[in-house]
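S.K.: Submitted below is the structure of interest, expressed as structure tokens.
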Amino acid sequence: MSAQLGELYALGTAACWVATAVLFTRAGERLGSMVVNLLRMWMAVVMLIVVAWLTRGLPWPTDATPHAWWWLTISGLIGFTFGDLCLFRAFLLLGPRLSTLMMAFSPPLAAIAGWLWLGETLGPWQLLGMLATLLGVMWAILDRTPSTRTEAKTAASLEDRRWGIVLGFCGALGQALGLVLSKLGMGDYDAIAANQIRVLGGAVGFSVLFFALRRWPLVWRGLRDRVGVVYTAAGAVAGPFVGVTLSLLAVQNTEAGVAASIMGTTPVLIIPWMIIVGGERVGPGGVLGAIVATAGVATLFLAPS
């Protein structure tokens with residue numbers, strides 16, 4: 001039952017990522033992706049302080065062990081600062097379709113890291129479910145036809161495309177390692193408090209990056225855009241606040257590779273939004289890919305733990 005609960009948390013995380021993708025896209029169009037990344041992290045820190053105070057009576061995770069502080073902070077730096085930075089740069093060099101495809105490497109990387117660091121092993125049915133989910137997601141992504149404008153933006157040199165592939169892989173690696181390290185540091189510790197530490201690590205990492213790049217004037221300018229700030233705040237609720245907390249509960253209750261596979265179904269879950277709101281065409285491959293991915297998730301739920 002614990003494993004199935006973890007898989008439900010992972011599915012909830014994937015749903016949160018859909019909302020996050022929509023909200024942060026709107027916010028990024030107004031403020032810029034770097035500014036949105038920084039603001040969302042500090043907004044989430046404030047939200048987590050309030051919730052922890054109400055639910056635990058401790059606004060700050062003072063009861064966390066040095067072990068938890070160390071590994072959860074490293075997890076935040078690798079998962080948020082390094083992983084997201086690489087991913088957003090890959091988006092610019094490769095475009096959203098191929099960048100999202102590169103992120104499909106995250107579940108197998110998480111499974112390998114979980115095996116090496118946590119001693120997690122997967123049964124044949126879990127491996128089959130992971131494979132079906134991964135193939136279904138990749139099929140759905142590859143079926144999408146990028147617009148002419150997107151193709152023009154990403155018709156970069158061969159060198160840029162190579163760097164985009166490298167950065168996309170690094171983004172997937174950052175997400176996978178961040179997930180596994182969070183499980184290593186969290187153990188049985190409270191997920192909300194663990195998320196506080198992890199998000200704080202990512203927020204500090206982005207802040208240092210802004211000092212190094214001298215980007216703070218962009219932040220002050222962005223804060224004057226009320227609509228952009230509202231979109232960012234809503235995305236912070238869905239993403240680093242609720243979504244990441246659910247992801248920590250997921251890895252606390254099931255294997256990291258299984259959780260990452262279910263979380264990776266976001267490109268499939270976002271298809272209805274693309275059709276209804278975005279007006280995009282989804283061909284037979286996208287539909288069949290969604291079906292295969294759904295079958296893979298169902299296999300993971302039904303697989304014996």
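Following the order of the structure tokens, first chain is A, next is B, and so on, with residues numbered from 1 inside each chain and ligands from 1 in the order they appear.
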Counting only C-alpha atoms, what is within 12 Å of Phe80 in chain A, bar same-chain residues fewer than 4 positions away, as a VMD selection string?
M.R.: chain A and resid 34 37 to 38 40 to 41 72 to 76 84 to 88 170 to 179 182 195 198 to 207 239 to 240 244
S.K.: From the DSSP assignment of the backbone, select every residue of range 41-210 of chain A that is alpha helix (DSSP H), and format the answer as number ranges by chain.
M.R.: A: 41-56, 66-76, 85-94, 96-102, 106-113, 124-143, 148-153, 158-186, 191-210
S.K.: If you count only C-alpha atoms, which residues fall within 10 Å of Trp117 in chain A, apart from same-chain ones fewer than 2 positions away, as JSON, numbers by chain?
M.R.: {"A": [112, 113, 114, 115, 119, 120, 180, 181, 184]}
S.K.: Please save C-alpha atoms of the selected residues as a PDB file, in the first residue's frame.
M.R.:
ATOM      1  CA  ILE A 112      20.401   3.936 -11.809  1.00  0.00           C
ATOM      2  CA  ALA A 113      21.212   6.519  -9.115  1.00  0.00           C
ATOM      3  CA  GLY A 114      18.692   4.916  -6.748  1.00  0.00           C
ATOM      4  CA  TRP A 115      20.343   1.536  -7.298  1.00  0.00           C
ATOM      5  CA  GLY A 119      20.299   0.026  -3.058  1.00  0.00           C
ATOM      6  CA  GLU A 120      16.877   0.149  -4.736  1.00  0.00           C
ATOM      7  CA  VAL A 180      17.497  10.612  -5.360  1.00  0.00           C
ATOM      8  CA  LEU A 181      19.549  12.887  -3.081  1.00  0.00           C
ATOM      9  CA  LEU A 184      18.784  10.062   0.755  1.00  0.00           C
TER      10      LEU A 184
END
